[in-house]
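These notes are about the structure you will find just below.
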Amino acid sequence: RALGDNEVFLLGSDKNRSFDSRYFGPVPTQNVIGRLVPLWTE
C-alpha cells in the first residue's frame with residue numbers, strides 16, 4: 001500500500017535485528033519525536 005500524507009516508513013540499520021516499519025507498518029508523523037542526524041567520523 002502507499003503511505004498516507006501523514007505517515008512515515010521507518011527502517012533500522014540492521015535489517016535482521018531491527019523492529020521497524022517492516023515489522024509494525026507505517027508510523028503517523030505525529031508520533032515522531034525527533035530527527036536523526038547522521039554523524040561520520042572518518
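Residues are referred to by chain and number: the chain letter is A, B, ... according to the order shown in the C-alpha cells, the number counts from 1 in that chain, and ligands are numbered separately from 1 in the order shown.
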
>> Give me the residues near Gly25 (chain A) as a VMD selection string, where near means some atom within 10 Å (using only C-alpha atoms) and where sequence neighbours in that chain fewer than 4 positions away do not count.
In response: chain A and resid 3 7 to 10 20 to 21

>> Which of chain A end up as alpha helix (DSSP H) when DSSP is run on this backbone - answer as a PyMOL selection string?
In response: chain A and resi 21-24

Print the selection's residues with C-alpha atoms to a file, as a JSON list (two decimals), in the first residue's frame.
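Now in again21.json:
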```
[["chain", "number", "residue", "atom", "x", "y", "z"],
["A", 21, "SER", "CA", 8.17, -0.41, 9.84],
["A", 22, "ARG", "CA", 8.81, -3.72, 8.07],
["A", 23, "TYR", "CA", 7.52, -5.32, 11.29],
["A", 24, "PHE", "CA", 4.79, -2.94, 12.52]]
```

> Which value, in Å to one decimal, gives the distance between CA of Asp5 (chain A) and CA of Phe19 (chain A)?
Replying inline: 22.8 Å

> Quick one: residues within 12 Å of region 33-41 of chain A, only C-alpha atoms counted, chain neighbours fewer than 4 positions away excluded, as a list of chain:residue names?
Replying inline: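 Neighbouring residues, sequence-local ones excluded: A:Leu10, A:Leu11, A:Gly12, A:Ser13, A:Val27, A:Pro28, A:Thr29.
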